[in-house]
$ cat run-v1.cif   # mmCIF, C-alpha atoms
data_my_file
loop_
_atom_site.label_atom_id
_atom_site.label_comp_id
_atom_site.auth_asym_id
_atom_site.auth_seq_id
_atom_site.Cartn_x
_atom_site.Cartn_y
_atom_site.Cartn_z
CA MET A 1 12.05 47.44 43.31
CA GLU A 2 13.22 49.36 40.27
CA ASN A 3 12.10 52.97 40.05
CA ASN A 4 12.00 52.98 36.25
CA PHE A 5 9.44 50.19 36.00
CA LEU A 6 6.62 51.11 33.63
CA LEU A 7 3.36 49.25 33.35
CA ASN A 8 1.50 48.84 30.07
CA ASP A 9 -1.80 47.22 29.07
CA GLU A 10 -0.17 44.04 27.81
CA LEU A 11 1.76 43.51 31.03
CA LEU A 12 -1.38 44.21 33.06
CA TRP A 13 -3.34 41.56 31.08
CA ASP A 14 -0.50 39.09 31.57
CA TYR A 15 -0.59 39.90 35.28
CA ALA A 16 -4.34 39.29 35.39
CA ASP A 17 -3.91 36.06 33.43
CA GLY A 18 -1.18 34.86 35.81
CA LEU A 19 1.38 34.62 33.02
CA LEU A 20 4.16 36.66 34.64
CA ASP A 21 7.19 35.28 36.40
CA PRO A 22 7.42 35.94 40.17
CA VAL A 23 9.77 38.92 39.82
CA GLN A 24 7.59 40.69 37.25
CA ARG A 25 4.54 39.83 39.29
CA GLN A 26 6.00 41.51 42.36
CA GLN A 27 6.94 44.56 40.32
CA VAL A 28 3.43 44.92 38.93
CA ALA A 29 1.82 44.36 42.34
CA ALA A 30 3.99 47.08 43.88
CA TYR A 31 3.25 49.43 40.98
CA LEU A 32 -0.48 48.86 41.36
CA GLU A 33 -0.27 49.71 45.04
CA GLN A 34 1.05 53.13 44.17
CA ASN A 35 -1.07 53.82 41.08
CA LYS A 36 -4.76 53.57 41.77
CA ALA A 37 -5.72 54.36 38.15
CA TRP A 38 -3.99 51.16 37.03
CA LYS A 39 -5.67 49.27 39.86
CA VAL A 40 -9.05 50.36 38.47
CA LYS A 41 -7.95 49.15 35.03
CA LEU A 42 -6.95 45.81 36.52
CA ASP A 43 -10.35 45.47 38.21
CA ALA A 44 -12.01 46.08 34.83
CA ILE A 45 -9.85 43.39 33.21
CA VAL A 46 -10.64 40.90 35.96
CA LEU A 47 -14.34 41.65 35.55
CA GLU A 48 -14.05 41.09 31.80
CA GLN A 49 -12.29 37.79 32.39
CA GLN A 50 -14.99 36.70 34.80
CA ARG A 51 -17.58 37.46 32.13
CA PHE A 52 -15.69 35.29 29.66
CA GLY A 53 -15.31 32.57 32.23
CA ASN A 54 -19.01 32.62 33.00
CA LEU A 55 -20.17 32.52 29.39
CA PRO A 56 -22.63 29.66 29.00
CA LEU A 57 -21.52 26.86 26.71
CA GLU A 58 -23.22 26.40 23.36
CA LYS A 59 -25.49 23.39 23.27
CA PRO A 60 -25.69 21.00 20.34
CA ASN A 61 -29.11 20.10 18.94
CA ALA A 62 -31.25 17.72 20.94
CA GLY A 63 -30.35 14.07 20.43
CA PHE A 64 -26.72 14.82 19.56
CA ALA A 65 -25.37 12.35 22.13
CA ASP A 66 -27.74 9.67 20.83
CA ARG A 67 -26.56 10.23 17.26
CA VAL A 68 -22.92 9.97 18.33
CA MET A 69 -23.66 6.73 20.18
CA ALA A 70 -25.59 5.33 17.21
CA ALA A 71 -22.65 6.09 14.89
CA TRP A 72 -20.23 4.55 17.38
CA THR A 73 -22.33 1.40 17.80
CA LEU A 74 -22.56 1.02 14.03
CA GLU A 75 -18.81 1.44 13.66
CA GLN A 76 -18.15 -1.19 16.30
CA ARG A 77 -20.59 -3.58 14.61
CA VAL A 78 -18.82 -3.15 11.27
CA GLN A 79 -15.46 -3.77 12.94
CA LYS A 80 -16.73 -6.96 14.56
CA ALA A 81 -18.23 -8.15 11.28
CA ILE A 82 -14.89 -7.94 9.48
CA PRO A 83 -12.68 -10.87 10.47
CA ALA A 84 -9.14 -9.77 11.07
CA ALA A 85 -6.66 -11.18 8.59
CA PRO A 86 -4.29 -13.71 10.13
CA ASP A 87 -0.88 -12.27 10.92
CA TRP A 88 0.96 -14.77 8.77
CA ILE A 89 -0.82 -13.53 5.63
CA LEU A 90 0.14 -9.95 6.38
CA ARG A 91 3.77 -10.99 6.92
CA LEU A 92 3.82 -13.15 3.81
CA ILE A 93 2.74 -10.34 1.45
CA PRO A 94 5.94 -8.22 1.66
CA VAL A 95 8.09 -11.39 1.53
CA VAL A 96 6.44 -12.58 -1.68
CA PHE A 97 6.73 -9.13 -3.18
CA ALA A 98 10.39 -8.93 -2.24
CA VAL A 99 11.03 -12.29 -3.92
CA LEU A 100 9.09 -11.26 -7.03
CA ILE A 101 11.04 -8.03 -7.32
CA LEU A 102 14.41 -9.56 -6.53
CA MET A 103 14.06 -12.54 -8.89
CA PRO A 104 14.22 -10.63 -12.18
CA LEU A 105 16.99 -8.42 -10.81
CA LEU A 106 19.09 -11.39 -9.83
CA GLY A 107 18.26 -12.96 -13.15
CA LEU A 108 19.45 -9.93 -15.07
CA LEU A 109 22.61 -9.73 -13.02
CA GLY A 110 23.21 -13.45 -13.53
CA GLY A 111 22.61 -13.02 -17.26
CA GLY A 112 25.11 -10.19 -17.25
CA VAL A 113 27.72 -12.45 -15.70
CA GLN A 114 27.13 -15.13 -18.32
CA GLN A 115 27.52 -12.55 -21.08
CA ASN A 116 30.99 -11.73 -19.69
CA ILE A 117 30.14 -8.20 -18.61
CA PRO A 118 32.88 -7.34 -16.12
CA LEU A 119 31.43 -7.27 -12.64
CA SER A 120 34.71 -7.88 -10.90
CA ASN A 121 34.15 -5.07 -8.45
CA LEU A 122 31.30 -6.90 -6.73
CA PRO A 123 32.30 -8.05 -3.28
CA PHE A 124 30.16 -11.20 -3.49
CA GLU A 125 29.67 -14.06 -5.87
CA LEU A 126 26.56 -13.83 -8.02
CA PRO A 127 24.51 -16.96 -8.59
CA ALA A 128 24.61 -18.28 -12.13
CA PHE A 129 21.24 -17.57 -13.71
CA SER A 130 20.59 -17.63 -17.41
CA ILE A 131 18.72 -14.72 -18.90
CA ASP A 132 17.31 -17.22 -21.40
CA ALA A 133 15.00 -18.43 -18.64
CA PHE A 134 13.29 -15.05 -18.84
CA HIS A 135 13.24 -15.05 -22.59
CA ASN A 136 11.31 -18.30 -22.43
CA PHE A 137 9.02 -17.01 -19.68
CA GLY A 138 6.07 -16.57 -22.02
CA ALA A 139 6.67 -19.90 -23.65
CA SER A 140 6.03 -21.84 -20.43
CA PRO A 141 2.29 -21.66 -19.71
CA VAL A 142 2.68 -23.19 -16.25
CA LEU A 143 5.20 -20.57 -15.17
CA PHE A 144 3.34 -17.71 -16.87
CA TYR A 145 -0.10 -18.53 -15.46
CA GLY A 146 1.41 -19.44 -12.10
CA VAL A 147 3.03 -16.03 -11.71
CA LEU A 148 -0.10 -14.34 -13.07
CA PHE A 149 -2.24 -16.19 -10.54
CA VAL A 150 0.02 -15.18 -7.66
CA LEU A 151 0.01 -11.54 -8.77
CA VAL A 152 -3.78 -11.43 -9.13
CA PHE A 153 -4.23 -13.11 -5.75
CA LEU A 154 -1.88 -10.67 -4.03
CA THR A 155 -3.49 -7.66 -5.72
CA LEU A 156 -6.95 -8.76 -4.59
CA ARG A 157 -5.66 -9.45 -1.08
CA ILE A 158 -4.10 -6.00 -0.80
CA PHE A 159 -7.27 -4.41 -2.17
CA GLU A 160 -9.29 -6.26 0.46
CA GLN A 161 -6.96 -5.06 3.21
CA PHE A 162 -7.31 -1.51 1.91
CA LEU A 163 -11.10 -1.74 1.96
CA GLN A 164 -11.05 -3.15 5.48
CA LEU A 165 -8.89 -0.28 6.70
CA ARG A 166 -11.20 2.25 5.09
CA LEU A 167 -14.22 0.64 6.71
CA GLN A 168 -12.53 0.55 10.09
CA HIS A 169 -11.75 4.25 9.89
CA GLY A 170 -15.22 5.15 8.76
CA LYS A 171 -14.05 6.74 5.48
CA ARG A 172 -16.70 5.20 3.37
CA MET B 1 -37.96 8.67 27.79
CA LEU B 2 -39.84 10.21 30.72
CA PRO B 3 -39.83 8.34 34.02
CA THR B 4 -43.22 6.78 34.69
CA SER B 5 -43.01 6.07 38.40
CA VAL B 6 -41.28 7.09 41.59
CA SER B 7 -38.94 4.16 41.19
CA ASP B 8 -38.01 5.28 37.69
CA THR B 9 -37.40 8.81 38.93
CA THR B 10 -35.17 7.49 41.71
CA ASN B 11 -33.25 5.38 39.22
CA THR B 12 -32.82 8.37 36.90
CA LEU B 13 -31.54 10.51 39.77
CA LYS B 14 -29.22 7.73 40.86
CA ALA B 15 -27.88 7.40 37.33
CA SER B 16 -27.35 11.18 37.07
CA TYR B 17 -25.58 11.22 40.42
CA MET B 18 -23.40 8.27 39.41
CA ALA B 19 -22.56 9.91 36.09
CA ALA B 20 -21.57 13.12 37.84
CA THR B 21 -19.38 11.45 40.45
CA ILE B 22 -17.49 8.95 38.31
CA THR B 23 -14.10 10.29 37.26
CA ASP B 24 -13.00 10.46 33.64
CA GLU B 25 -10.36 7.83 34.33
CA SER B 26 -12.94 5.37 35.65
CA LEU B 27 -15.22 6.03 32.69
CA ILE B 28 -12.32 5.43 30.30
CA GLN B 29 -11.48 2.13 32.00
CA MET B 30 -15.13 1.09 31.81
CA ALA B 31 -15.33 2.11 28.15
CA LEU B 32 -12.18 0.17 27.35
CA SER B 33 -13.66 -2.90 28.96
CA GLY B 34 -16.54 -2.57 26.51
CA ARG B 35 -19.30 -0.85 28.49
CA GLN B 36 -21.34 1.25 26.08
CA SER B 37 -22.86 3.28 28.93
CA ALA B 38 -19.39 4.62 29.75
CA PHE B 39 -18.97 5.93 26.20
CA SER B 40 -22.41 7.49 26.47
CA MET B 41 -21.53 9.18 29.77
CA LEU B 42 -18.34 10.60 28.27
CA VAL B 43 -20.33 12.07 25.37
CA LYS B 44 -22.91 13.60 27.69
CA ARG B 45 -20.22 14.98 29.98
CA TYR B 46 -18.28 16.66 27.19
CA GLU B 47 -20.82 17.32 24.41
CA ASN B 48 -21.26 21.01 25.26
CA TYR B 49 -17.54 21.62 25.62
CA VAL B 50 -16.68 19.80 22.40
CA PHE B 51 -19.51 21.45 20.49
CA THR B 52 -18.65 24.96 21.73
CA LEU B 53 -15.00 24.53 20.83
CA ALA B 54 -15.90 23.11 17.42
CA LEU B 55 -18.25 26.05 16.84
CA ARG B 56 -15.49 28.51 17.73
CA PHE B 57 -13.27 26.93 15.10
CA VAL B 58 -15.67 26.24 12.23
CA LYS B 59 -18.10 29.09 12.88
CA ASN B 60 -21.41 27.50 11.97
CA ARG B 61 -23.61 25.07 13.86
CA GLU B 62 -24.02 22.53 11.08
CA ASP B 63 -20.29 22.07 10.60
CA ALA B 64 -19.76 22.19 14.35
CA HIS B 65 -22.12 19.22 14.80
CA GLU B 66 -20.16 17.28 12.19
CA VAL B 67 -16.80 18.17 13.74
CA ALA B 68 -18.03 17.39 17.25
CA GLN B 69 -19.39 13.98 16.22
CA ASP B 70 -16.20 13.12 14.29
CA SER B 71 -14.14 14.19 17.27
CA PHE B 72 -16.00 11.86 19.63
CA LEU B 73 -15.73 8.95 17.20
CA ARG B 74 -12.00 9.55 16.73
CA ALA B 75 -11.54 9.84 20.49
CA PHE B 76 -13.32 6.51 21.06
CA ARG B 77 -11.38 4.84 18.26
CA TYR B 78 -8.06 5.92 19.75
CA LEU B 79 -9.10 5.60 23.40
CA PRO B 80 -6.83 2.56 23.91
CA ASP B 81 -3.91 4.87 22.98
CA PHE B 82 -4.81 7.40 25.69
CA ARG B 83 -2.09 6.94 28.28
CA GLY B 84 -3.33 9.47 30.81
CA GLU B 85 -0.23 11.66 30.53
CA ALA B 86 -2.49 14.66 29.97
CA LYS B 87 -6.00 15.28 31.24
CA PHE B 88 -8.67 13.53 29.21
CA SER B 89 -10.23 16.91 28.40
CA THR B 90 -6.92 18.22 27.02
CA TRP B 91 -6.54 15.10 24.89
CA LEU B 92 -10.12 15.42 23.66
CA TYR B 93 -9.75 19.12 22.82
CA ARG B 94 -6.61 18.31 20.85
CA ILE B 95 -8.70 15.89 18.79
CA VAL B 96 -11.36 18.57 18.31
CA PHE B 97 -8.69 21.02 17.16
CA THR B 98 -7.21 18.53 14.65
CA THR B 99 -10.64 17.50 13.38
CA ALA B 100 -11.69 21.12 12.94
CA LEU B 101 -8.45 21.92 11.13
CA ASN B 102 -8.96 18.94 8.78
CA HIS B 103 -12.57 20.01 8.22
CA LEU B 104 -11.54 23.55 7.29
CA ARG B 105 -8.77 22.25 5.03
CA LYS B 106 -11.26 20.03 3.24
CA LYS B 107 -13.53 23.01 2.67
CA ASN B 108 -10.65 25.25 1.69
CA PRO B 109 -7.55 23.30 0.62
CA ASP B 110 -5.38 26.45 0.71
CA ASN B 111 -6.07 26.84 4.42
CA ARG B 112 -2.97 25.64 6.27
CA SER B 113 -3.77 27.08 9.62
CA LEU B 114 -6.81 28.14 11.55
CA ASP B 115 -5.24 31.54 11.86
CA ASP B 116 -5.91 32.82 8.37
CA ASP B 117 -5.27 36.55 8.58
CA SER B 118 -5.37 37.14 4.87
CA LYS B 119 -8.85 35.67 4.53
CA PRO B 120 -10.61 36.20 7.84
CA LEU B 121 -13.75 34.16 8.28
CA GLN B 122 -16.75 36.31 7.53
CA ILE B 123 -19.43 36.34 10.12
CA PRO B 124 -22.63 38.16 9.28
CA ASP B 125 -22.84 41.31 11.31
CA GLN B 126 -25.98 41.01 13.33
CA GLY B 127 -25.79 44.64 14.34
CA THR B 128 -25.92 46.08 17.79
CA PRO B 129 -29.17 45.63 19.67
CA ASP B 130 -31.30 48.62 20.45
CA GLY B 131 -29.45 50.71 23.01
CA ALA B 132 -32.71 51.59 24.74
CA LEU B 133 -33.21 47.97 25.80
CA THR B 134 -31.93 46.95 29.15
CA LEU B 135 -29.08 44.55 28.70
CA GLU B 136 -29.69 41.54 30.83
CA GLN B 137 -27.18 38.78 31.32
CA ASN B 138 -28.40 36.97 28.20
CA ASP B 139 -27.86 40.00 26.00
CA ARG B 140 -24.44 40.50 27.45
CA ASN B 141 -23.55 36.88 26.80
CA LYS B 142 -24.97 37.13 23.31
CA SER B 143 -22.80 40.14 22.56
CA LEU B 144 -19.72 38.39 23.90
CA HIS B 145 -20.53 35.32 21.81
CA GLN B 146 -20.96 37.54 18.75
CA ALA B 147 -17.70 39.32 19.48
CA ILE B 148 -15.87 35.99 19.75
CA ALA B 149 -17.51 34.87 16.51
CA HIS B 150 -15.94 37.87 14.77
CA LEU B 151 -12.47 36.62 15.68
CA SER B 152 -10.44 34.27 13.51
CA ALA B 153 -10.82 30.59 14.35
CA ASP B 154 -7.42 30.48 16.02
CA ASP B 155 -8.08 33.54 18.18
CA ALA B 156 -11.56 32.35 19.16
CA GLY B 157 -10.16 28.91 20.00
CA ILE B 158 -7.36 30.14 22.22
CA ILE B 159 -9.65 32.62 24.03
CA THR B 160 -12.22 29.88 24.64
CA LEU B 161 -9.65 27.38 25.87
CA PHE B 162 -7.93 29.85 28.19
CA TYR B 163 -10.80 31.81 29.69
CA LEU B 164 -13.82 29.54 29.36
CA TYR B 165 -12.27 26.08 29.73
CA GLU B 166 -9.52 27.35 32.06
CA GLN B 167 -6.84 25.38 30.26
CA SER B 168 -3.31 26.36 31.21
CA LEU B 169 -0.92 27.68 28.58
CA ASP B 170 0.95 24.37 28.76
CA GLU B 171 -2.25 22.53 27.93
CA ILE B 172 -3.06 24.96 25.13
CA CYS B 173 0.41 24.33 23.67
CA ASP B 174 -0.41 20.62 23.78
CA ILE B 175 -3.85 21.06 22.20
CA MET B 176 -2.88 23.46 19.42
CA GLY B 177 0.68 22.26 18.87
CA LEU B 178 2.26 25.59 19.79
CA THR B 179 5.43 26.58 21.59
CA MET B 180 5.02 28.46 24.86
CA THR B 181 6.24 31.73 23.32
CA ASN B 182 3.93 31.28 20.36
CA ALA B 183 0.97 30.51 22.60
CA LYS B 184 1.62 33.61 24.73
CA THR B 185 1.90 35.78 21.64
CA LYS B 186 -1.28 34.32 20.15
CA LEU B 187 -3.20 34.78 23.39
CA CYS B 188 -2.05 38.37 23.70
CA ARG B 189 -2.97 39.07 20.07
CA ALA B 190 -6.35 37.36 20.46
CA ARG B 191 -7.11 39.50 23.52
CA GLN B 192 -6.21 42.65 21.62
CA ARG B 193 -8.39 41.66 18.68
CA LEU B 194 -11.30 40.78 20.92
CA LYS B 195 -10.95 44.12 22.67
CA SER B 196 -10.92 45.93 19.35
CA VAL B 197 -14.01 43.98 18.14
CA LEU B 198 -15.80 44.80 21.38
CA ASP B 199 -14.81 48.46 21.10
CA ASP B 200 -15.77 48.71 17.42
CA LYS B 201 -18.96 46.72 17.24
CA PHE B 202 -20.29 46.45 20.75
CA ALA B 203 -19.22 49.75 22.30
CA ALA B 204 -22.78 50.67 23.26
CA GLU B 205 -23.32 47.48 25.23
CA ILE B 206 -19.95 47.68 26.93
CA LYS B 207 -20.73 51.21 28.04
CA GLU B 208 -23.93 50.01 29.63
CA TRP B 209 -22.25 47.06 31.38
CA ARG B 210 -19.78 49.44 33.02
#
$ encode --input "run-v1.cif" --output "structure tokens"
Amino acid sequence: MENNFLLNDELLWDYADGLLDPVQRQQVAAYLEQNKAWKVKLDAIVLEQQRFGNLPLEKPNAGFADRVMAAWTLEQRVQKAIPAAPDWILRLIPVVFAVLILMPLLGLLGGGVQQNIPLSNLPFELPAFSIDAFHNFGASPVLFYGVLFVLVFLTLRIFEQFLQLRLQHGKR
Amino acid sequence: MLPTSVSDTTNTLKASYMAATITDESLIQMALSGRQSAFSMLVKRYENYVFTLALRFVKNREDAHEVAQDSFLRAFRYLPDFRGEAKFSTWLYRIVFTTALNHLRKKNPDNRSLDDDSKPLQIPDQGTPDGALTLEQNDRNKSLHQAIAHLSADDAGIITLFYLYEQSLDEICDIMGLTMTNAKTKLCRARQRLKSVLDDKFAAEIKEWR
């Protein structure tokens, strides 16, 4: 045991809280044996802690548990009422979006090749794709309305998924 | 509903006994298999703990009710994710802590932590009771509650978790997302602040207790 060991309030609280390592604990215990004034202080701290430990818990208003259960039952009912979207639809959405985003890019790149823009550094062969096809995009009603239909459908589908998620998480 | 016969009373006692003896783990399994009564038992078992902790963080009963209810709903929603690595109570208190933090952030978007030293939460000073009155246990508890209410949300939370709920420092680290060193420092600081609040505002009562 070191002779120069000095106890302070913080260390004493840590001792009372059981937060000291075994060596420090032994040092404090030995110090307390020799210094009765500190022992009295420790007893006061322990008493204080007991008072905290014995504080009664606050009680919520009557019927709290019933209200929680009512909210939970309602949430479960809402979840059951919403049919889960089939997995294949969820998987299809990013694929379709990827195709829709990649198509014009590939088209532009293909157009660039046809206009003899040097792209010799590319390590792969680009598919031949005329940029004229995009110039005539508006002229073909079937293509135009087809793409428009797909976009509207996907937007509505994503919006529906978003609403479902919000409902499921109760953020109405 | 009040029991109307001896049989009803017996059934109520049986149900209370059952509720008290079933472990959290069993209740969770029952809840996961879809038994509503298990959810209800979990709420009844923890409502006071959850509410008290919520009150320590948000400082008023109305908000504490909201936080406590949200915490239970979140806990039930994510119950399938509870893997039992920590105690259920620790997991639940972590949800209460997060919900309270979100609640306070919503009310004050600048609030990034519960430990807001620059803008301490203001609790109306209810004054010290008449020193001539004998302080019974209730008065003593009331003073302690008031003293805790004067602390910042973070300090009040850590004091409640450590002394009242007897959570270990490891568990407190888990609940409040702190490192061990940080948790020790916060606990020590919270103790000092509580002591100073007790000395400043409730000195008369403390003198009488001792």
$ interface_residues --input "run-v1.cif" --of "chain B" --to "chain A" --cutoff "7 Å" --atoms "all atoms listed in the file" --output "ChimeraX atom specification"
/B:40,43-44,48-49,51-52,65,69,73,141,163-164
$ residues_near_point --input "run-v1.cif" --point "(-13.6, 20.5, 25.9)" --cutoff "7 Å" --atoms "only C-alpha atoms" --output "VMD selection string"
chain B and resid 46 49 to 50 53 89 92 to 93 165
$ axis_aligned_box --input "run-v1.cif" --around "range 56-74 of chain A" --padding-each-side "3 Å" --output "JSON"
{"center_x": -25.7, "center_y": 15.3, "center_z": 21.5, "size_x": 17.0, "size_y": 34.6, "size_z": 21.0}
$ atom_distance --input "run-v1.cif" --atom1 "CA of Glu171 in chain B" --atom2 "CA of Ile158 in chain B"
10.8 Å
$ closest_residue --input "run-v1.cif" --among "B:Leu198, B:Lys184, B:Gln29, B:Ala153" --to "Phe57 in chain B" --atoms "only C-alpha atoms"
B:Ala153
$ atom_distance --input "run-v1.cif" --atom1 "CA of Ile101 in chain A" --atom2 "CA of Thr155 in chain A"
14.6 Å
$ atom_distance --input "run-v1.cif" --atom1 "CA of Ile45 in chain A" --atom2 "CA of Leu161 in chain B"
17.6 Å
$ residues_around --input "run-v1.cif" --residues "Ser71 in chain B" --least-positions-apart "6" --cutoff "7 Å" --atoms "all atoms listed in the file" --output "PDB file with C-alpha atoms, in the coordinates of the input"
ATOM      1  CA  ILE B  95      -8.700  15.890  18.790  1.00  0.00           C
ATOM      2  CA  VAL B  96     -11.360  18.570  18.310  1.00  0.00           C
ATOM      3  CA  THR B  99     -10.640  17.500  13.380  1.00  0.00           C
TER       4      THR B  99
END
$ residues_near_point --input "run-v1.cif" --point "(0.9, 50.6, 32.7)" --cutoff "9 Å" --atoms "only C-alpha atoms" --output "PyMOL selection string"
chain A and resi 6-12+28+31-32+38
$ closest_residue --input "run-v1.cif" --among "A:Ile158, A:Leu148, A:Leu163, A:Ala70" --to "Phe72 in chain B" --atoms "all atoms listed in the file"
A:Ala70
$ resolve_selection --input "run-v1.cif" --expression "the PyMOL selection byres ((chain B and resi 91) around 12)" --output "ChimeraX atom specification"
/B:24,50,71-72,74-76,78-79,81-90,92-98,167,171-177
$ write_last_selection --input "run-v1.cif" --atoms "C-alpha atoms" --output "PDB file, in the frame of the given file"
ATOM      1  CA  ASP B  24     -13.000  10.460  33.640  1.00  0.00           C
ATOM      2  CA  VAL B  50     -16.680  19.800  22.400  1.00  0.00           C
ATOM      3  CA  SER B  71     -14.140  14.190  17.270  1.00  0.00           C
ATOM      4  CA  PHE B  72     -16.000  11.860  19.630  1.00  0.00           C
ATOM      5  CA  ARG B  74     -12.000   9.550  16.730  1.00  0.00           C
ATOM      6  CA  ALA B  75     -11.540   9.840  20.490  1.00  0.00           C
ATOM      7  CA  PHE B  76     -13.320   6.510  21.060  1.00  0.00           C
ATOM      8  CA  TYR B  78      -8.060   5.920  19.750  1.00  0.00           C
ATOM      9  CA  LEU B  79      -9.100   5.600  23.400  1.00  0.00           C
ATOM     10  CA  ASP B  81      -3.910   4.870  22.980  1.00  0.00           C
ATOM     11  CA  PHE B  82      -4.810   7.400  25.690  1.00  0.00           C
ATOM     12  CA  ARG B  83      -2.090   6.940  28.280  1.00  0.00           C
ATOM     13  CA  GLY B  84      -3.330   9.470  30.810  1.00  0.00           C
ATOM     14  CA  GLU B  85      -0.230  11.660  30.530  1.00  0.00           C
ATOM     15  CA  ALA B  86      -2.490  14.660  29.970  1.00  0.00           C
ATOM     16  CA  LYS B  87      -6.000  15.280  31.240  1.00  0.00           C
ATOM     17  CA  PHE B  88      -8.670  13.530  29.210  1.00  0.00           C
ATOM     18  CA  SER B  89     -10.230  16.910  28.400  1.00  0.00           C
ATOM     19  CA  THR B  90      -6.920  18.220  27.020  1.00  0.00           C
ATOM     20  CA  LEU B  92     -10.120  15.420  23.660  1.00  0.00           C
ATOM     21  CA  TYR B  93      -9.750  19.120  22.820  1.00  0.00           C
ATOM     22  CA  ARG B  94      -6.610  18.310  20.850  1.00  0.00           C
ATOM     23  CA  ILE B  95      -8.700  15.890  18.790  1.00  0.00           C
ATOM     24  CA  VAL B  96     -11.360  18.570  18.310  1.00  0.00           C
ATOM     25  CA  PHE B  97      -8.690  21.020  17.160  1.00  0.00           C
ATOM     26  CA  THR B  98      -7.210  18.530  14.650  1.00  0.00           C
ATOM     27  CA  GLN B 167      -6.840  25.380  30.260  1.00  0.00           C
ATOM     28  CA  GLU B 171      -2.250  22.530  27.930  1.00  0.00           C
ATOM     29  CA  ILE B 172      -3.060  24.960  25.130  1.00  0.00           C
ATOM     30  CA  CYS B 173       0.410  24.330  23.670  1.00  0.00           C
ATOM     31  CA  ASP B 174      -0.410  20.620  23.780  1.00  0.00           C
ATOM     32  CA  ILE B 175      -3.850  21.060  22.200  1.00  0.00           C
ATOM     33  CA  MET B 176      -2.880  23.460  19.420  1.00  0.00           C
ATOM     34  CA  GLY B 177       0.680  22.260  18.870  1.00  0.00           C
TER      35      GLY B 177
END
$ closest_residue --input "run-v1.cif" --among "B:Leu178, B:Ala190, B:Leu101, B:Ala183" --to "Asp155 in chain B" --atoms "only C-alpha atoms"
B:Ala190
$ closest_residue --input "run-v1.cif" --among "A:Ala29, A:Leu74, A:Ile89, A:Val147" --to "Met103 in chain A" --atoms "only C-alpha atoms"
A:Val147
$ closest_residue --input "run-v1.cif" --among "B:Ala64, B:Met41, B:Ala31, B:Leu187" --to "Gly157 in chain B" --atoms "all atoms listed in the file"
B:Leu187
$ build_atoms --input "run-v1.cif" --residues "range 19-29 of chain B" --atoms "N, CA, C and O atoms" --output "compact mmCIF listing (two decimals), keeping the file's coordinate frame"
# COMPACT_ATOMS: atom_id res chain seq x y z
N ALA B 19 -23.27 9.36 37.25
CA ALA B 19 -22.56 9.91 36.09
C ALA B 19 -21.73 11.12 36.50
O ALA B 19 -20.64 11.33 36.00
N ALA B 20 -22.27 11.90 37.44
CA ALA B 20 -21.57 13.12 37.84
C ALA B 20 -20.38 12.81 38.74
O ALA B 20 -19.42 13.57 38.77
N THR B 21 -20.45 11.72 39.48
CA THR B 21 -19.38 11.45 40.45
C THR B 21 -18.26 10.56 39.90
O THR B 21 -17.18 10.55 40.46
N ILE B 22 -18.52 9.83 38.85
CA ILE B 22 -17.49 8.95 38.31
C ILE B 22 -16.43 9.80 37.60
O ILE B 22 -16.77 10.68 36.81
N THR B 23 -15.17 9.51 37.88
CA THR B 23 -14.10 10.29 37.26
C THR B 23 -13.93 9.89 35.79
O THR B 23 -14.38 8.81 35.39
N ASP B 24 -13.27 10.77 35.06
CA ASP B 24 -13.00 10.46 33.64
C ASP B 24 -12.21 9.16 33.52
O ASP B 24 -12.48 8.34 32.64
N GLU B 25 -11.23 9.01 34.40
CA GLU B 25 -10.36 7.83 34.33
C GLU B 25 -11.17 6.54 34.48
O GLU B 25 -10.96 5.57 33.74
N SER B 26 -12.10 6.56 35.45
CA SER B 26 -12.94 5.37 35.65
C SER B 26 -13.80 5.11 34.43
O SER B 26 -13.95 3.96 33.99
N LEU B 27 -14.36 6.19 33.88
CA LEU B 27 -15.22 6.03 32.69
C LEU B 27 -14.40 5.45 31.53
O LEU B 27 -14.89 4.60 30.78
N ILE B 28 -13.17 5.92 31.40
CA ILE B 28 -12.32 5.43 30.30
C ILE B 28 -12.05 3.93 30.49
O ILE B 28 -12.13 3.15 29.54
N GLN B 29 -11.74 3.56 31.73
CA GLN B 29 -11.48 2.13 32.00
C GLN B 29 -12.72 1.29 31.67
O GLN B 29 -12.61 0.22 31.07
